[in-house]
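Visitor: Take this structure first; my questions come after.
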Amino acid sequence: MTPIKVLLADDQALLRSAFRVLVDSESDMQVVGEAADGAEAVTLARSTRADVVLMDIRMPGTDGLTATRMISADPDLAGVRIVMLTTFEVDEYVVQALRAGASGFLGKGAEPDELLNAIRVAAAGEALLSPVATKGLIASFLAQGGSAGEGPDAAEYAARLAALTGREREVLVQVAGGHSNDRIADRLVVSPLTVKTHVNRAMAKLGARDRAQLVVIAYESGLVRPRVE
């Protein structure tokens, strides 16, 4: 089995070293490069063809947010998945990071097993957005003054939603809740493979890079409204 190629992007050398030791201790993954800033991360993503980038949001020079946008905008790097590393579980830039194309986020204080699992989940094309994390994400979005269903992106996404079938919209709502394919299959009484097919079709029609972007689109289009408690 080909190991998952991991790129580490963080301005703290000590943290990169710790991550390298952890990742390289696993038989199914290996570190293929280290970057101290966003610009270097973009360059190394291209040269190493990394599968997953662990990207710190805050770095000097080109920050992680900008680097994520650059990687996501490059067709040659379409297969690269980005996991944003944040100081807090819900960072003020998390929503922007997901819009930019990140597959999810992880706190720097996460346990080793959580970090390794995040790499595997991202490499598999899934989103690092549990129901709890999704709730925090939307709370962060609202705290920033965002309002679902408004703005130019919302109008564009709403138009694209018209192309979805009824079942695809149902699945999208479930994805927005942070549920896995297996959980969605149980809720809708269909097979996980059927759910995966609907998710892939929704991604294609909405121009979403991955499931994480589907969540953002679902809220920004107004398809799903966050409940303010």
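The way I read the labels, and the way they are meant: chains A, B, ... in the order of the structure tokens, residue 1 as the first residue of every chain, and ligand 1 as the first ligand shown, with later ones counted on from there.
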With only C-alpha atoms as the counted atoms, please give the residues lying no more than 7 Å from A:Asp210, apart from itself and same-chain residues fewer than 6 positions off, as a ChimeraX atom specification.
Guide: /A:103,125,203
Visitor: DSSP on the backbone: what in stretch 17-220 of chain A comes out strand (DSSP E), as a PDB file with N, CA, C and O atoms, in the first residue's frame?
Guide:
```pdb
ATOM      1  N   MET A  29       1.787   6.158   6.371  1.00  0.00           N
ATOM      2  CA  MET A  29       1.969   7.568   6.006  1.00  0.00           C
ATOM      3  C   MET A  29       3.416   7.991   6.192  1.00  0.00           C
ATOM      4  O   MET A  29       4.169   7.362   6.940  1.00  0.00           O
ATOM      5  N   GLN A  30       3.797   9.046   5.497  1.00  0.00           N
ATOM      6  CA  GLN A  30       5.155   9.553   5.635  1.00  0.00           C
ATOM      7  C   GLN A  30       5.186  11.054   5.338  1.00  0.00           C
ATOM      8  O   GLN A  30       4.413  11.552   4.519  1.00  0.00           O
ATOM      9  N   VAL A  31       6.088  11.760   6.011  1.00  0.00           N
ATOM     10  CA  VAL A  31       6.263  13.192   5.782  1.00  0.00           C
ATOM     11  C   VAL A  31       7.144  13.365   4.554  1.00  0.00           C
ATOM     12  O   VAL A  31       8.245  12.806   4.476  1.00  0.00           O
ATOM     13  N   VAL A  32       6.674  14.140   3.589  1.00  0.00           N
ATOM     14  CA  VAL A  32       7.447  14.345   2.356  1.00  0.00           C
ATOM     15  C   VAL A  32       8.020  15.757   2.263  1.00  0.00           C
ATOM     16  O   VAL A  32       8.735  16.078   1.311  1.00  0.00           O
ATOM     17  N   GLY A  33       7.722  16.603   3.247  1.00  0.00           N
ATOM     18  CA  GLY A  33       8.272  17.948   3.223  1.00  0.00           C
ATOM     19  C   GLY A  33       7.820  18.776   4.404  1.00  0.00           C
ATOM     20  O   GLY A  33       6.814  18.465   5.047  1.00  0.00           O
ATOM     21  N   GLU A  34       8.589  19.833   4.700  1.00  0.00           N
ATOM     22  CA  GLU A  34       8.245  20.762   5.765  1.00  0.00           C
ATOM     23  C   GLU A  34       8.348  22.185   5.238  1.00  0.00           C
ATOM     24  O   GLU A  34       9.307  22.524   4.530  1.00  0.00           O
ATOM     25  N   ALA A  35       7.371  23.019   5.573  1.00  0.00           N
ATOM     26  CA  ALA A  35       7.352  24.413   5.130  1.00  0.00           C
ATOM     27  C   ALA A  35       7.192  25.321   6.343  1.00  0.00           C
ATOM     28  O   ALA A  35       6.438  25.017   7.264  1.00  0.00           O
ATOM     29  N   VAL A  52      -1.882  15.096   1.715  1.00  0.00           N
ATOM     30  CA  VAL A  52      -2.483  15.895   2.797  1.00  0.00           C
ATOM     31  C   VAL A  52      -1.482  16.941   3.284  1.00  0.00           C
ATOM     32  O   VAL A  52      -0.309  16.625   3.488  1.00  0.00           O
ATOM     33  N   VAL A  53      -1.961  18.161   3.457  1.00  0.00           N
ATOM     34  CA  VAL A  53      -1.135  19.224   4.026  1.00  0.00           C
ATOM     35  C   VAL A  53      -1.704  19.594   5.400  1.00  0.00           C
ATOM     36  O   VAL A  53      -2.879  19.923   5.517  1.00  0.00           O
ATOM     37  N   LEU A  54      -0.873  19.508   6.425  1.00  0.00           N
ATOM     38  CA  LEU A  54      -1.253  20.012   7.741  1.00  0.00           C
ATOM     39  C   LEU A  54      -0.814  21.465   7.755  1.00  0.00           C
ATOM     40  O   LEU A  54       0.379  21.760   7.809  1.00  0.00           O
ATOM     41  N   MET A  55      -1.770  22.375   7.661  1.00  0.00           N
ATOM     42  CA  MET A  55      -1.479  23.792   7.423  1.00  0.00           C
ATOM     43  C   MET A  55      -1.865  24.663   8.622  1.00  0.00           C
ATOM     44  O   MET A  55      -3.034  24.723   9.013  1.00  0.00           O
ATOM     45  N   ASP A  56      -0.874  25.334   9.195  1.00  0.00           N
ATOM     46  CA  ASP A  56      -1.161  26.292  10.263  1.00  0.00           C
ATOM     47  C   ASP A  56      -1.827  27.513   9.640  1.00  0.00           C
ATOM     48  O   ASP A  56      -1.391  28.001   8.592  1.00  0.00           O
ATOM     49  N   ARG A  81      -5.437  17.474  -0.153  1.00  0.00           N
ATOM     50  CA  ARG A  81      -6.380  17.795   0.905  1.00  0.00           C
ATOM     51  C   ARG A  81      -5.667  18.588   1.997  1.00  0.00           C
ATOM     52  O   ARG A  81      -4.543  18.264   2.365  1.00  0.00           O
ATOM     53  N   ILE A  82      -6.329  19.607   2.503  1.00  0.00           N
ATOM     54  CA  ILE A  82      -5.708  20.488   3.486  1.00  0.00           C
ATOM     55  C   ILE A  82      -6.445  20.429   4.813  1.00  0.00           C
ATOM     56  O   ILE A  82      -7.654  20.636   4.872  1.00  0.00           O
ATOM     57  N   VAL A  83      -5.705  20.147   5.868  1.00  0.00           N
ATOM     58  CA  VAL A  83      -6.244  20.159   7.225  1.00  0.00           C
ATOM     59  C   VAL A  83      -5.646  21.370   7.932  1.00  0.00           C
ATOM     60  O   VAL A  83      -4.428  21.464   8.091  1.00  0.00           O
ATOM     61  N   MET A  84      -6.498  22.296   8.328  1.00  0.00           N
ATOM     62  CA  MET A  84      -6.023  23.511   8.974  1.00  0.00           C
ATOM     63  C   MET A  84      -5.748  23.241  10.455  1.00  0.00           C
ATOM     64  O   MET A  84      -6.563  22.632  11.145  1.00  0.00           O
ATOM     65  N   LEU A  85      -4.607  23.715  10.912  1.00  0.00           N
ATOM     66  CA  LEU A  85      -4.242  23.593  12.315  1.00  0.00           C
ATOM     67  C   LEU A  85      -4.546  24.913  13.016  1.00  0.00           C
ATOM     68  O   LEU A  85      -4.104  25.976  12.568  1.00  0.00           O
ATOM     69  N   THR A  86      -5.322  24.861  14.066  1.00  0.00           N
ATOM     70  CA  THR A  86      -5.720  26.069  14.763  1.00  0.00           C
ATOM     71  C   THR A  86      -5.370  25.987  16.248  1.00  0.00           C
ATOM     72  O   THR A  86      -5.229  24.906  16.804  1.00  0.00           O
ATOM     73  N   GLY A 104     -11.084  20.580   6.472  1.00  0.00           N
ATOM     74  CA  GLY A 104     -11.509  20.584   7.858  1.00  0.00           C
ATOM     75  C   GLY A 104     -10.461  21.232   8.732  1.00  0.00           C
ATOM     76  O   GLY A 104      -9.503  21.825   8.232  1.00  0.00           O
ATOM     77  N   PHE A 105     -10.642  21.126  10.027  1.00  0.00           N
ATOM     78  CA  PHE A 105      -9.697  21.771  10.926  1.00  0.00           C
ATOM     79  C   PHE A 105      -9.452  20.926  12.159  1.00  0.00           C
ATOM     80  O   PHE A 105     -10.251  20.051  12.507  1.00  0.00           O
ATOM     81  N   LEU A 106      -8.329  21.185  12.804  1.00  0.00           N
ATOM     82  CA  LEU A 106      -7.920  20.409  13.961  1.00  0.00           C
ATOM     83  C   LEU A 106      -7.180  21.334  14.911  1.00  0.00           C
ATOM     84  O   LEU A 106      -6.351  22.136  14.492  1.00  0.00           O
ATOM     85  N   GLY A 107      -7.493  21.236  16.201  1.00  0.00           N
ATOM     86  CA  GLY A 107      -6.796  22.045  17.193  1.00  0.00           C
ATOM     87  C   GLY A 107      -5.383  21.535  17.398  1.00  0.00           C
ATOM     88  O   GLY A 107      -5.121  20.331  17.319  1.00  0.00           O
TER      89      GLY A 107
END
```
Visitor: Can you work out which one of A:Val80, A:Leu65, A:Asp11, A:Ala102 has the shortest atom-to-atom distance to A:Ala124, counting only C-alpha atoms?
Guide: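 Checking each candidate against A:Ala124, we get A:Val80 as the closest.
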Visitor: Which residue is closest to A:Leu14? Choose from A:Ala158, A:Ala100, A:Leu115, A:Ala36 and count only C-alpha atoms.
Guide: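 So, comparing all the options, the nearest one is A:Ala36.
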Visitor: Just want the 9 Å neighbourhood of A:Val215, counted on only C-alpha atoms, with same-chain residues fewer than 4 positions away dropped. Output as a PDB file with N, CA, C and O atoms, in the first residue's frame.
Guide:
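Output saved as selection00.pdb:
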```pdb
ATOM      1  N   LEU A 129     -15.480  17.226   9.811  1.00  0.00           N
ATOM      2  CA  LEU A 129     -16.550  18.042  10.383  1.00  0.00           C
ATOM      3  C   LEU A 129     -17.570  17.146  11.073  1.00  0.00           C
ATOM      4  O   LEU A 129     -18.495  16.652  10.454  1.00  0.00           O
ATOM      5  N   THR A 134     -19.368  20.999  13.413  1.00  0.00           N
ATOM      6  CA  THR A 134     -20.225  21.746  12.501  1.00  0.00           C
ATOM      7  C   THR A 134     -21.019  22.804  13.257  1.00  0.00           C
ATOM      8  O   THR A 134     -21.151  23.950  12.808  1.00  0.00           O
ATOM      9  N   LEU A 172     -27.765  16.498   1.006  1.00  0.00           N
ATOM     10  CA  LEU A 172     -26.978  17.695   1.297  1.00  0.00           C
ATOM     11  C   LEU A 172     -27.312  18.251   2.675  1.00  0.00           C
ATOM     12  O   LEU A 172     -26.425  18.680   3.423  1.00  0.00           O
ATOM     13  N   VAL A 173     -28.576  18.246   3.020  1.00  0.00           N
ATOM     14  CA  VAL A 173     -28.998  18.717   4.349  1.00  0.00           C
ATOM     15  C   VAL A 173     -28.349  17.853   5.436  1.00  0.00           C
ATOM     16  O   VAL A 173     -27.892  18.364   6.465  1.00  0.00           O
ATOM     17  N   VAL A 175     -25.544  16.089   5.133  1.00  0.00           N
ATOM     18  CA  VAL A 175     -24.108  16.379   5.112  1.00  0.00           C
ATOM     19  C   VAL A 175     -23.834  17.652   5.904  1.00  0.00           C
ATOM     20  O   VAL A 175     -22.860  17.752   6.659  1.00  0.00           O
ATOM     21  N   ALA A 176     -24.721  18.641   5.753  1.00  0.00           N
ATOM     22  CA  ALA A 176     -24.561  19.910   6.466  1.00  0.00           C
ATOM     23  C   ALA A 176     -24.660  19.728   7.970  1.00  0.00           C
ATOM     24  O   ALA A 176     -24.169  20.550   8.747  1.00  0.00           O
ATOM     25  N   GLY A 177     -25.279  18.629   8.380  1.00  0.00           N
ATOM     26  CA  GLY A 177     -25.373  18.325   9.800  1.00  0.00           C
ATOM     27  C   GLY A 177     -24.146  17.610  10.324  1.00  0.00           C
ATOM     28  O   GLY A 177     -24.070  17.268  11.505  1.00  0.00           O
ATOM     29  N   GLY A 178     -23.175  17.368   9.432  1.00  0.00           N
ATOM     30  CA  GLY A 178     -21.937  16.717   9.835  1.00  0.00           C
ATOM     31  C   GLY A 178     -22.020  15.211   9.932  1.00  0.00           C
ATOM     32  O   GLY A 178     -21.171  14.562  10.537  1.00  0.00           O
ATOM     33  N   ARG A 211     -16.578  17.565   0.874  1.00  0.00           N
ATOM     34  CA  ARG A 211     -17.743  17.632   1.758  1.00  0.00           C
ATOM     35  C   ARG A 211     -17.732  18.882   2.634  1.00  0.00           C
ATOM     36  O   ARG A 211     -18.787  19.413   2.969  1.00  0.00           O
ATOM     37  N   TYR A 219     -25.270  26.203   3.997  1.00  0.00           N
ATOM     38  CA  TYR A 219     -25.674  27.314   4.865  1.00  0.00           C
ATOM     39  C   TYR A 219     -25.698  28.636   4.108  1.00  0.00           C
ATOM     40  O   TYR A 219     -26.611  29.447   4.269  1.00  0.00           O
ATOM     41  N   GLU A 220     -24.689  28.885   3.277  1.00  0.00           N
ATOM     42  CA  GLU A 220     -24.616  30.167   2.588  1.00  0.00           C
ATOM     43  C   GLU A 220     -25.724  30.309   1.540  1.00  0.00           C
ATOM     44  O   GLU A 220     -26.145  31.422   1.217  1.00  0.00           O
TER      45      GLU A 220
END
```
Visitor: Between A:Glu156, A:Glu170, A:Asp113, A:Asp186, which has the minimum distance to A:Gly207 (counting only C-alpha atoms)?
Guide: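 Smallest separation from A:Gly207 among the options: A:Glu156.
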Visitor: Suppose you want the space between atom CA of A:Leu164 and atom CA of A:Lys205; what is it in Å?
Guide: 7.2 Å
Visitor: So that I can see what lies close to A:Ala202, please list as a PyMOL selection string the residues with an atom at most 12 Å from it, counting only C-alpha atoms and leaving out residues fewer than 2 positions away in the same chain.
Guide: chain A and resi 157+160-173+175+195-200+204-211+213-215+217-218
Visitor: What separation in Å, quoted to one decimal, exists between atom CA of A:Ile57 and atom CA of A:Asp10?
Guide: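 Rounded to one decimal, the two atoms are 8.4 Å apart.
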Visitor: What residues in stretch 47-99 of chain A get the DSSP label alpha helix (DSSP H)? Please answer as a list in words.
Guide: Ser47, Thr48, Gly64, Leu65, Thr66, Ala67, Thr68, Arg69, Met70, Ile71, Ser72, Ala73, Val94, Val95, Gln96, Ala97, Leu98 and Arg99 of chain A
Visitor: Go ahead and save the picked residues with N, CA, C and O atoms, as a JSON list (two decimals), in the first residue's frame.
Guide:
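result_37.json was written with the following content:
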```json
[["chain", "number", "residue", "atom", "x", "y", "z"],
["A", 47, "SER", "N", 5.79, 20.23, -5.74],
["A", 47, "SER", "CA", 6.95, 19.38, -6.01],
["A", 47, "SER", "C", 6.86, 18.00, -5.39],
["A", 47, "SER", "O", 7.37, 17.02, -5.94],
["A", 48, "THR", "N", 6.21, 17.89, -4.24],
["A", 48, "THR", "CA", 6.12, 16.60, -3.55],
["A", 48, "THR", "C", 4.86, 15.82, -3.90],
["A", 48, "THR", "O", 4.77, 14.63, -3.63],
["A", 64, "GLY", "N", -1.51, 30.68, 6.16],
["A", 64, "GLY", "CA", -2.10, 29.43, 5.75],
["A", 64, "GLY", "C", -3.37, 29.58, 4.94],
["A", 64, "GLY", "O", -3.68, 28.77, 4.06],
["A", 65, "LEU", "N", -4.11, 30.65, 5.23],
["A", 65, "LEU", "CA", -5.36, 30.90, 4.52],
["A", 65, "LEU", "C", -5.09, 31.20, 3.05],
["A", 65, "LEU", "O", -5.72, 30.64, 2.14],
["A", 66, "THR", "N", -4.12, 32.07, 2.81],
["A", 66, "THR", "CA", -3.74, 32.42, 1.43],
["A", 66, "THR", "C", -3.18, 31.21, 0.71],
["A", 66, "THR", "O", -3.50, 30.96, -0.46],
["A", 67, "ALA", "N", -2.34, 30.46, 1.40],
["A", 67, "ALA", "CA", -1.75, 29.26, 0.79],
["A", 67, "ALA", "C", -2.82, 28.25, 0.41],
["A", 67, "ALA", "O", -2.75, 27.61, -0.64],
["A", 68, "THR", "N", -3.83, 28.12, 1.27],
["A", 68, "THR", "CA", -4.93, 27.19, 0.99],
["A", 68, "THR", "C", -5.67, 27.61, -0.26],
["A", 68, "THR", "O", -6.02, 26.77, -1.11],
["A", 69, "ARG", "N", -5.93, 28.91, -0.40],
["A", 69, "ARG", "CA", -6.60, 29.40, -1.60],
["A", 69, "ARG", "C", -5.77, 29.11, -2.85],
["A", 69, "ARG", "O", -6.30, 28.71, -3.89],
["A", 70, "MET", "N", -4.47, 29.30, -2.76],
["A", 70, "MET", "CA", -3.58, 29.08, -3.91],
["A", 70, "MET", "C", -3.56, 27.61, -4.32],
["A", 70, "MET", "O", -3.60, 27.28, -5.50],
["A", 71, "ILE", "N", -3.50, 26.73, -3.33],
["A", 71, "ILE", "CA", -3.49, 25.29, -3.63],
["A", 71, "ILE", "C", -4.83, 24.85, -4.22],
["A", 71, "ILE", "O", -4.88, 24.12, -5.21],
["A", 72, "SER", "N", -5.92, 25.33, -3.64],
["A", 72, "SER", "CA", -7.26, 24.95, -4.10],
["A", 72, "SER", "C", -7.55, 25.47, -5.51],
["A", 72, "SER", "O", -8.33, 24.88, -6.25],
["A", 73, "ALA", "N", -6.93, 26.59, -5.86],
["A", 73, "ALA", "CA", -7.18, 27.20, -7.17],
["A", 73, "ALA", "C", -6.34, 26.56, -8.28],
["A", 73, "ALA", "O", -6.57, 26.83, -9.47],
["A", 94, "VAL", "N", -11.64, 29.92, 10.61],
["A", 94, "VAL", "CA", -12.03, 28.58, 10.16],
["A", 94, "VAL", "C", -13.02, 28.63, 9.00],
["A", 94, "VAL", "O", -12.88, 27.91, 8.01],
["A", 95, "VAL", "N", -14.04, 29.49, 9.11],
["A", 95, "VAL", "CA", -15.03, 29.59, 8.03],
["A", 95, "VAL", "C", -14.36, 30.00, 6.73],
["A", 95, "VAL", "O", -14.63, 29.43, 5.67],
["A", 96, "GLN", "N", -13.48, 30.98, 6.80],
["A", 96, "GLN", "CA", -12.76, 31.42, 5.60],
["A", 96, "GLN", "C", -11.91, 30.29, 5.04],
["A", 96, "GLN", "O", -11.79, 30.14, 3.82],
["A", 97, "ALA", "N", -11.31, 29.52, 5.93],
["A", 97, "ALA", "CA", -10.46, 28.41, 5.49],
["A", 97, "ALA", "C", -11.26, 27.36, 4.73],
["A", 97, "ALA", "O", -10.84, 26.84, 3.70],
["A", 98, "LEU", "N", -12.46, 27.05, 5.23],
["A", 98, "LEU", "CA", -13.30, 26.07, 4.55],
["A", 98, "LEU", "C", -13.78, 26.61, 3.21],
["A", 98, "LEU", "O", -13.87, 25.88, 2.22],
["A", 99, "ARG", "N", -14.11, 27.90, 3.17],
["A", 99, "ARG", "CA", -14.49, 28.51, 1.90],
["A", 99, "ARG", "C", -13.32, 28.44, 0.91],
["A", 99, "ARG", "O", -13.52, 28.30, -0.29]]
```
Visitor: If I take atom CA of A:Val23 and atom CA of A:Ile119, how far is one from the other in Å, to one decimal?
Guide: 9.1 Å
Visitor: So, with only C-alpha atoms as the atoms that count, which of A:Arg201, A:Arg187, A:Lys5, A:Arg120 lies closest to A:Arg49?
Guide: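 Of all the options, A:Lys5 lies closest to A:Arg49.
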